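Participant: File name coords15.txt; file contents compact mmCIF, N, CA and C atoms; full text below.
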```
# COMPACT_ATOMS: atom_id res chain seq x y z
N MET J 3 123.36 138.45 107.13
CA MET J 3 122.18 137.76 107.59
C MET J 3 121.72 136.70 106.59
N LYS J 4 121.76 137.07 105.31
CA LYS J 4 121.30 136.14 104.27
C LYS J 4 122.18 134.89 104.23
N THR J 5 123.48 135.08 104.35
CA THR J 5 124.41 133.94 104.33
C THR J 5 124.23 133.06 105.56
N ALA J 6 124.03 133.67 106.71
CA ALA J 6 123.81 132.90 107.93
C ALA J 6 122.53 132.08 107.83
N TYR J 7 121.48 132.67 107.28
CA TYR J 7 120.22 131.95 107.10
C TYR J 7 120.41 130.74 106.20
N ALA J 8 121.11 130.93 105.09
CA ALA J 8 121.34 129.83 104.15
C ALA J 8 122.17 128.72 104.80
N THR J 9 123.15 129.10 105.60
CA THR J 9 124.00 128.11 106.27
C THR J 9 123.19 127.28 107.26
N ILE J 10 122.39 127.95 108.08
CA ILE J 10 121.56 127.24 109.06
C ILE J 10 120.54 126.36 108.36
N LYS J 11 119.94 126.85 107.30
CA LYS J 11 118.98 126.05 106.54
C LYS J 11 119.65 124.80 105.98
N GLY J 12 120.87 124.96 105.50
CA GLY J 12 121.62 123.82 104.98
C GLY J 12 121.89 122.77 106.04
N PHE J 13 122.27 123.21 107.22
CA PHE J 13 122.51 122.27 108.32
C PHE J 13 121.23 121.52 108.67
N GLU J 14 120.12 122.23 108.71
CA GLU J 14 118.85 121.60 109.06
C GLU J 14 118.41 120.59 108.00
N VAL J 15 118.59 120.92 106.75
CA VAL J 15 118.23 119.99 105.67
C VAL J 15 119.08 118.73 105.75
N MET J 16 120.39 118.90 105.93
CA MET J 16 121.28 117.74 105.98
C MET J 16 121.00 116.88 107.21
N ARG J 17 120.68 117.51 108.33
CA ARG J 17 120.36 116.75 109.53
C ARG J 17 119.08 115.94 109.33
N SER J 18 118.07 116.55 108.72
CA SER J 18 116.83 115.81 108.50
C SER J 18 117.03 114.65 107.52
N LEU J 19 117.89 114.85 106.52
CA LEU J 19 118.19 113.75 105.58
C LEU J 19 118.88 112.60 106.31
N LYS J 20 119.84 112.95 107.15
CA LYS J 20 120.60 111.92 107.87
C LYS J 20 119.69 111.12 108.81
N LYS J 21 118.74 111.80 109.43
CA LYS J 21 117.84 111.14 110.37
C LYS J 21 116.69 110.41 109.65
N GLY J 22 116.58 110.58 108.34
CA GLY J 22 115.51 109.91 107.60
C GLY J 22 114.17 110.61 107.71
N GLN J 23 114.16 111.85 108.20
CA GLN J 23 112.91 112.57 108.39
C GLN J 23 112.36 113.16 107.10
N ALA J 24 113.17 113.23 106.08
CA ALA J 24 112.73 113.87 104.84
C ALA J 24 112.33 112.87 103.77
N GLU J 25 112.28 111.60 104.09
CA GLU J 25 111.97 110.59 103.08
C GLU J 25 110.60 110.78 102.44
N VAL J 26 109.65 111.31 103.18
CA VAL J 26 108.31 111.52 102.61
C VAL J 26 108.31 112.60 101.55
N PHE J 27 109.31 113.47 101.56
CA PHE J 27 109.39 114.55 100.58
C PHE J 27 110.22 114.18 99.36
N GLN J 28 110.85 113.01 99.39
CA GLN J 28 111.67 112.57 98.27
C GLN J 28 110.78 111.90 97.23
N LEU J 29 110.88 112.38 96.00
CA LEU J 29 110.08 111.80 94.92
C LEU J 29 110.74 110.57 94.34
N GLN J 30 112.05 110.45 94.52
CA GLN J 30 112.80 109.30 94.07
C GLN J 30 113.51 108.69 95.27
N LYS J 31 113.82 107.44 95.19
CA LYS J 31 114.56 106.77 96.26
C LYS J 31 116.06 106.96 96.05
N GLY J 32 116.80 106.79 97.10
CA GLY J 32 118.25 106.81 97.01
C GLY J 32 118.84 108.20 96.98
N ILE J 33 120.08 108.26 96.55
CA ILE J 33 120.83 109.51 96.58
C ILE J 33 120.24 110.56 95.65
N MET J 34 119.69 110.15 94.51
CA MET J 34 119.11 111.12 93.59
C MET J 34 117.89 111.80 94.20
N GLY J 35 117.14 111.08 95.00
CA GLY J 35 116.02 111.69 95.69
C GLY J 35 116.49 112.74 96.68
N GLU J 36 117.59 112.45 97.36
CA GLU J 36 118.16 113.42 98.30
C GLU J 36 118.68 114.65 97.57
N VAL J 37 119.35 114.43 96.45
CA VAL J 37 119.89 115.55 95.67
C VAL J 37 118.75 116.44 95.20
N ARG J 38 117.71 115.85 94.66
CA ARG J 38 116.57 116.64 94.18
C ARG J 38 115.88 117.39 95.32
N LEU J 39 115.80 116.76 96.48
CA LEU J 39 115.19 117.41 97.63
C LEU J 39 116.01 118.64 98.05
N ILE J 40 117.31 118.50 98.08
CA ILE J 40 118.18 119.63 98.44
C ILE J 40 118.04 120.75 97.41
N GLU J 41 117.98 120.38 96.13
CA GLU J 41 117.80 121.39 95.08
C GLU J 41 116.51 122.16 95.28
N ARG J 42 115.44 121.44 95.63
CA ARG J 42 114.16 122.12 95.86
C ARG J 42 114.21 123.00 97.10
N CYS J 43 114.88 122.55 98.16
CA CYS J 43 114.97 123.34 99.39
C CYS J 43 115.67 124.67 99.16
N PHE J 44 116.68 124.66 98.31
CA PHE J 44 117.44 125.87 98.05
C PHE J 44 117.05 126.55 96.74
N LYS J 45 115.93 126.10 96.17
CA LYS J 45 115.39 126.70 94.93
C LYS J 45 116.42 126.68 93.80
N LEU J 46 117.14 125.56 93.68
CA LEU J 46 118.13 125.39 92.62
C LEU J 46 117.59 124.58 91.46
N GLY J 47 116.60 123.77 91.72
CA GLY J 47 116.06 122.89 90.69
C GLY J 47 114.60 123.17 90.45
N ASP J 48 113.97 122.24 89.76
CA ASP J 48 112.55 122.36 89.46
C ASP J 48 111.72 122.25 90.74
N SER J 49 110.50 122.73 90.65
CA SER J 49 109.58 122.56 91.77
C SER J 49 109.21 121.08 91.88
N ALA J 50 108.61 120.72 92.97
CA ALA J 50 108.23 119.32 93.19
C ALA J 50 107.26 118.84 92.11
N ILE J 51 106.32 119.69 91.73
CA ILE J 51 105.34 119.31 90.70
C ILE J 51 106.02 119.10 89.35
N ALA J 52 106.89 120.03 88.96
CA ALA J 52 107.60 119.90 87.69
C ALA J 52 108.47 118.65 87.68
N GLU J 53 109.13 118.38 88.79
CA GLU J 53 109.98 117.19 88.89
C GLU J 53 109.15 115.92 88.80
N LEU J 54 108.00 115.90 89.47
CA LEU J 54 107.13 114.73 89.43
C LEU J 54 106.61 114.47 88.02
N ILE J 55 106.28 115.52 87.30
CA ILE J 55 105.82 115.37 85.92
C ILE J 55 106.92 114.76 85.06
N LYS J 56 108.16 115.20 85.23
CA LYS J 56 109.29 114.63 84.47
C LYS J 56 109.47 113.15 84.79
N ILE J 57 109.37 112.79 86.06
CA ILE J 57 109.52 111.39 86.46
C ILE J 57 108.42 110.54 85.85
N LEU J 58 107.19 111.03 85.91
CA LEU J 58 106.06 110.29 85.35
C LEU J 58 106.18 110.15 83.83
N GLU J 59 106.63 111.21 83.16
CA GLU J 59 106.81 111.14 81.71
C GLU J 59 107.88 110.12 81.34
N SER J 60 108.99 110.09 82.08
CA SER J 60 110.04 109.13 81.76
C SER J 60 109.58 107.71 82.04
N ASP J 61 108.81 107.50 83.11
CA ASP J 61 108.26 106.16 83.40
C ASP J 61 107.29 105.73 82.30
N LEU J 62 106.50 106.66 81.80
CA LEU J 62 105.55 106.35 80.74
C LEU J 62 106.26 105.97 79.45
N GLN J 63 107.36 106.67 79.14
CA GLN J 63 108.14 106.35 77.95
C GLN J 63 108.76 104.97 78.05
N VAL J 64 109.23 104.60 79.24
CA VAL J 64 109.83 103.27 79.45
C VAL J 64 108.77 102.20 79.26
N GLN J 65 107.58 102.44 79.77
CA GLN J 65 106.49 101.45 79.66
C GLN J 65 106.04 101.28 78.22
N GLN J 66 106.08 102.35 77.44
CA GLN J 66 105.66 102.29 76.05
C GLN J 66 106.69 101.58 75.17
N SER J 67 107.93 101.53 75.61
CA SER J 67 108.99 100.90 74.80
C SER J 67 108.92 99.40 74.85
```
Translate the structure of the given file into structure tokens.
Facilitator:
Amino acid sequence: MKTAYATIKGFEVMRSLKKGQAEVFQLQKGIMGEVRLIERCFKLGDSAIAELIKILESDLQVQQS
């Protein structure tokens, strides 16, 4: 059951990405935004808040340079 759930969830995530329905949930544009979104959906990466903080910190460092 657990494997079937993960498989169906994966299909749904990929379908929404292909249709452009998940763009509002992407913190970054392009393929990296999609990768991070998939990581969050499957709890493989940081949470959205932690990821956003990292992005903001890196942008701040670039601006300070």
Participant: As an MDAnalysis selection string, please: all residues of chain J that backbone DSSP puts in helix (DSSP H, G or I).
Facilitator: chainID J and resid 4:21 25:27 32:43 50:66
Participant: By how many Å are atom C of Glu53 of chain J and atom C of Ala24 of chain J apart?
Facilitator: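 One can read the atom C of Glu53 of chain J to atom C of Ala24 of chain J distance as 15.6 Å.
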Participant: Identify, on the basis of all atoms listed in the file, every residue whose closest approach to Gln30 of chain J does not exceed 8 Å; exclude the query and any residue fewer than 6 positions from it along the same chain; express the result as a PyMOL selection string.
Facilitator: chain J and resi 36+38-39
Participant: For atom C of Lys21 of chain J and atom C of Met3 of chain J, quote the distance in Å rounded to one decimal.
Facilitator: 26.9 Å
Participant: Give the answer as one residue: which of J:Ser67, J:Leu29, J:Met34, J:Ala8 has the shortest atom-to-atom distance to Leu54 of chain J, using only C-alpha atoms?
Facilitator: J:Leu29
Participant: Atom C of Leu58 of chain J to atom N of Glu25 of chain J: how many Å, to one decimal?
Facilitator: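 These two atoms are separated by 21.2 Å.
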Participant: Box in all listed atoms of segment 15-26 of chain J, axis-aligned, with 3 Å more on each side; write out centre and edge lengths in Å to one decimal as lines of an AutoDock Vina configuration file.
Facilitator:
```
center_x = 114.8
center_y = 115.4
center_z = 106.0
size_x = 19.0
size_y = 17.0
size_z = 14.8
```
Participant: So, with only C-alpha atoms as the atoms that count, which of J:Gln28, J:Lys20, J:Glu14, J:Thr9 lies closest to Ala50 of chain J?
Facilitator: J:Gln28
Participant: Between J:Tyr7, J:Val64, J:Val15, J:Gly22, which has the minimum distance to Glu41 of chain J (counting only C-alpha atoms)?
Facilitator: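 With only C-alpha atoms as the atom set, the closest residue is J:Val15.
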